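input00.txt, holding compact mmCIF, C-alpha atoms:
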# COMPACT_ATOMS: atom_id res chain seq x y z
CA MET V 1 0.00 0.00 0.00
CA PRO V 2 1.55 3.34 -1.00
CA LEU V 3 2.11 6.05 1.56
CA VAL V 4 -0.63 8.67 1.25
CA THR V 5 0.65 12.17 1.73
CA ARG V 6 -1.64 15.10 2.34
CA PRO V 7 -0.78 18.71 1.77
CA ILE V 8 -0.20 20.84 4.86
CA TYR V 9 -3.24 22.98 4.03
CA ALA V 10 -5.65 20.02 4.18
CA TYR V 11 -7.99 19.15 7.03
CA GLY V 12 -8.36 22.49 8.75
CA ALA V 13 -4.71 23.47 8.75
CA VAL V 14 -5.42 26.97 7.42
CA ALA V 15 -7.90 27.72 10.20
CA ILE V 16 -5.64 26.23 12.87
CA SER V 17 -2.66 28.22 11.59
CA ALA V 18 -4.67 31.44 11.32
CA VAL V 19 -5.92 31.13 14.89
CA ALA V 20 -2.39 30.35 16.11
CA VAL V 21 -1.06 33.50 14.44
CA MET V 22 -3.99 35.50 15.82
CA HIS V 23 -3.30 34.24 19.34
CA LEU V 24 0.41 35.04 19.06
CA LEU V 25 -0.39 38.56 17.84
CA ILE V 26 -2.90 39.14 20.65
CA ALA V 27 -0.36 37.81 23.17
CA GLY V 28 2.28 40.19 21.81
CA VAL V 29 -0.02 43.19 22.01
CA LEU V 30 -1.27 42.23 25.46
CA ALA V 31 2.28 41.71 26.74
CA THR V 32 3.56 45.05 25.49
CA SER V 33 0.66 47.47 25.77
CA ARG V 34 -2.42 48.23 27.84
CA ARG V 35 -4.03 50.11 24.93
CA ALA V 36 -5.94 47.06 23.70
CA ASP V 37 -7.60 46.34 27.04
CA TYR V 38 -11.00 47.41 25.72
CA GLY V 39 -11.15 45.05 22.76
CA ILE V 40 -13.70 42.27 23.06
CA ALA V 41 -11.11 39.48 22.84
CA VAL V 42 -8.70 41.05 25.33
CA THR V 43 -11.49 41.89 27.75
CA ALA V 44 -12.77 38.31 27.52
CA TYR V 45 -9.31 36.94 28.30
CA LEU V 46 -8.84 39.32 31.21
CA LEU V 47 -12.26 38.40 32.62
CA ALA V 48 -11.54 34.69 32.19
CA PHE V 49 -8.14 34.95 33.89
CA ASP V 50 -9.28 37.32 36.65
CA GLY V 51 -7.35 40.29 35.28
CA LEU V 52 -4.03 38.44 35.28
CA TRP V 53 -2.81 39.57 31.88
CA MET V 54 0.45 37.58 32.06
CA VAL V 55 -1.53 34.36 32.58
CA ALA V 56 -3.59 35.26 29.51
CA VAL V 57 -0.39 35.91 27.52
CA VAL V 58 1.13 32.58 28.55
CA GLY V 59 -2.14 30.78 27.81
CA LEU V 60 -2.31 32.29 24.34
CA ILE V 61 1.30 31.43 23.54
CA VAL V 62 1.08 27.88 24.90
CA SER V 63 -2.17 27.17 23.06
CA ALA V 64 -0.72 28.48 19.79
CA VAL V 65 2.50 26.48 20.11
CA MET V 66 0.59 23.32 21.02
CA ALA V 67 -1.71 23.75 18.02
CA ILE V 68 1.20 24.32 15.64
CA TYR V 69 2.92 21.22 17.01
CA GLY V 70 -0.30 19.21 16.70
CA LEU V 71 -0.63 20.42 13.15
CA ARG V 72 2.89 19.44 12.16
CA THR V 73 3.29 16.13 13.97
CA ARG V 74 2.20 12.75 12.72
CA ARG V 75 3.03 10.98 16.00
CA PHE V 76 -0.49 11.15 17.39
CA VAL V 77 -3.85 10.19 15.94
CA GLY V 78 -7.45 10.46 17.06
CA LEU V 79 -8.12 11.83 20.52
CA ALA V 80 -4.40 11.99 21.31
CA ARG V 81 -3.97 14.41 18.43
CA LEU V 82 -7.13 16.31 19.30
CA ALA V 83 -5.64 17.03 22.74
CA TRP V 84 -3.01 19.26 21.12
CA PHE V 85 -5.77 21.50 19.72
CA VAL V 86 -8.08 21.70 22.74
CA PRO V 87 -6.27 24.60 24.49
CA GLN V 88 -6.49 26.70 21.32
CA GLN V 89 -10.19 25.92 20.98
CA ALA V 90 -10.66 26.82 24.66
CA MET V 91 -9.07 30.23 24.05
CA MET V 92 -11.38 30.70 21.06
CA THR V 93 -14.34 29.73 23.24
CA ILE V 94 -13.43 32.47 25.72
CA VAL V 95 -13.58 35.04 22.92
CA VAL V 96 -16.89 33.68 21.66
CA PHE V 97 -18.37 34.09 25.13
CA GLY V 98 -17.01 37.64 25.14
CA VAL V 99 -18.68 38.31 21.80
CA LEU V 100 -21.98 36.83 22.98
CA ARG V 101 -21.75 38.92 26.15
CA ALA V 102 -21.22 42.08 24.10
CA VAL V 103 -24.14 41.19 21.83
CA TYR V 104 -26.37 40.52 24.84
CA LEU V 105 -25.38 43.76 26.60
CA GLY V 106 -25.58 45.80 23.41
CA HIS V 107 -22.23 47.50 23.86
CA TYR V 108 -18.57 46.84 23.24
CA ALA V 109 -16.09 46.19 26.04
CA ASP V 110 -15.30 49.93 26.30
CA GLN V 111 -19.01 50.65 26.90
CA VAL V 112 -19.58 52.11 23.40
CA VAL V 113 -23.22 51.36 22.64
CA ARG V 114 -23.75 50.11 19.11
CA GLY V 115 -26.74 47.84 19.46
CA SER V 116 -26.80 44.08 19.56
CA GLU V 117 -27.40 43.63 15.83
CA GLY V 118 -24.46 45.83 14.87
CA ILE V 119 -22.10 44.08 17.27
CA PHE V 120 -23.31 40.69 16.06
CA VAL V 121 -22.65 41.59 12.43
CA ASP V 122 -19.29 43.16 13.34
CA GLN V 123 -18.17 40.04 15.23
CA LEU V 124 -19.58 37.50 12.79
CA PRO V 125 -16.10 36.70 11.38
CA VAL V 126 -14.97 35.69 14.89
CA LEU V 127 -17.99 33.44 15.33
CA THR V 128 -17.44 31.93 11.88
CA LEU V 129 -13.75 31.31 12.58
CA PHE V 130 -14.73 29.57 15.82
CA TYR V 131 -16.90 27.13 13.88
CA VAL V 132 -14.38 26.63 11.07
CA HIS V 133 -11.59 26.07 13.61
CA ALA V 134 -13.66 23.56 15.60
CA SER V 135 -14.53 21.56 12.50
CA GLY V 136 -10.91 21.81 11.33
CA ILE V 137 -9.42 20.39 14.52
CA TRP V 138 -12.00 17.63 14.54
CA ARG V 139 -11.17 16.66 10.95
CA ARG V 140 -7.45 16.95 11.63
CA ALA V 141 -7.70 14.61 14.61
CA ARG V 142 -10.04 12.21 12.84
CA ASP V 143 -8.45 12.00 9.40
CA GLY V 144 -4.98 13.01 9.63

Structure rendered as structure tokens:
Amino acid sequence: MPLVTRPIYAYGAVAISAVAVMHLLIAGVLATSRRADYGIAVTAYLLAFDGLWMVAVVGLIVSAVMAIYGLRTRRFVGLARLAWFVPQQAMMTIVVFGVLRAVYLGHYADQVVRGSEGIFVDQLPVLTLFYVHASGIWRRARDG
């Protein structure tokens, strides 16, 4: 039976890589500046980690590195491989809860009122990426 090789971009790799880069960028901004503290994602991380921004930074970096390793390795399959992506999905889940909170409250994290519909439409790419990432890690763990 010939060895089947799959391109690196198959099975959710683009979404996993994009989220890893996004998490590394957010970690860099959060580690070097307090000017982003009113963004929905940053506020969600700070709420989730009780205001401990360095814990949020470390969590973002660790989840990104684990996901990149899980993406590149072929040593693990199934649930063992899925475990490498779970921290990244957990960090995405925190942001999704932040988005849903902002939609429910009808204002952004800096208290700027825009209405629930406007915030929902504005944050729809984040919600879509959450779904695409979740399906990508599942396919990556399941198929390869």

Between V:Ala102, V:Ala41, V:Leu129, V:Ala64, smallest distance to Ser116 of chain V by all atoms listed in the file belongs to V:Ala102

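Nearest residue to Gln88 of chain V, choosing from V:Leu71, V:Leu60, V:Leu124, V:Leu100 and counting all atoms listed in the file: V:Leu60.
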
In Å, how far is it from atom CA of Ser135 of chain V to atom CA of Val96 of chain V?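 Atom CA of Val96 of chain V lies at a distance of 15.4 Å from atom CA of Ser135 of chain V.
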
Which residue gives the smallest distance to Phe120 of chain V among V:Ile16, V:Ile40, V:Val58, V:Ile94, with all atoms listed in the file counted? V:Ile40

Taking all atoms listed in the file into account, which of V:Arg142, V:His23, V:Arg35, V:Arg114 comes nearest Ala67 of chain V?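 Closest candidate: V:His23.
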
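We find atom CA of Tyr45 of chain V and atom CA of Val95 of chain V to be spaced 7.1 Å apart.
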
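The nearest approach to Gly70 of chain V among the residues V:Leu46, V:Ala141, V:Leu24, V:Val57, with only C-alpha atoms taken into account, belongs to V:Ala141.
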
When you count all atoms listed in the file, which of these residues is closest to Thr43 of chain V: V:Tyr131, V:Val21, V:Trp138, V:Gly98?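 Under the stated criterion, the closest residue is V:Gly98.
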
Contact residues around Ala109 of chain V with only C-alpha atoms at 10 Å, ignoring same-chain residues under 2 positions, as an mmCIF file with C-alpha atoms, in the frame of the given file:
data_model
loop_
_atom_site.group_PDB
_atom_site.id
_atom_site.type_symbol
_atom_site.label_atom_id
_atom_site.label_comp_id
_atom_site.auth_asym_id
_atom_site.auth_seq_id
_atom_site.Cartn_x
_atom_site.Cartn_y
_atom_site.Cartn_z
ATOM 1 C CA ASP V 37 -7.600 46.340 27.040
ATOM 2 C CA TYR V 38 -11.000 47.410 25.720
ATOM 3 C CA GLY V 39 -11.150 45.050 22.760
ATOM 4 C CA ILE V 40 -13.700 42.270 23.060
ATOM 5 C CA ALA V 41 -11.110 39.480 22.840
ATOM 6 C CA VAL V 42 -8.700 41.050 25.330
ATOM 7 C CA THR V 43 -11.490 41.890 27.750
ATOM 8 C CA ALA V 44 -12.770 38.310 27.520
ATOM 9 C CA GLY V 98 -17.010 37.640 25.140
ATOM 10 C CA VAL V 99 -18.680 38.310 21.800
ATOM 11 C CA ARG V 101 -21.750 38.920 26.150
ATOM 12 C CA ALA V 102 -21.220 42.080 24.100
ATOM 13 C CA LEU V 105 -25.380 43.760 26.600
ATOM 14 C CA GLY V 106 -25.580 45.800 23.410
ATOM 15 C CA HIS V 107 -22.230 47.500 23.860
ATOM 16 C CA GLN V 111 -19.010 50.650 26.900
ATOM 17 C CA VAL V 112 -19.580 52.110 23.400
ATOM 18 C CA VAL V 113 -23.220 51.360 22.640
#

Distance in Å - atom CA of Trp53 of chain V versus atom CA of Leu30 of chain V: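 The value is 7.1 Å.
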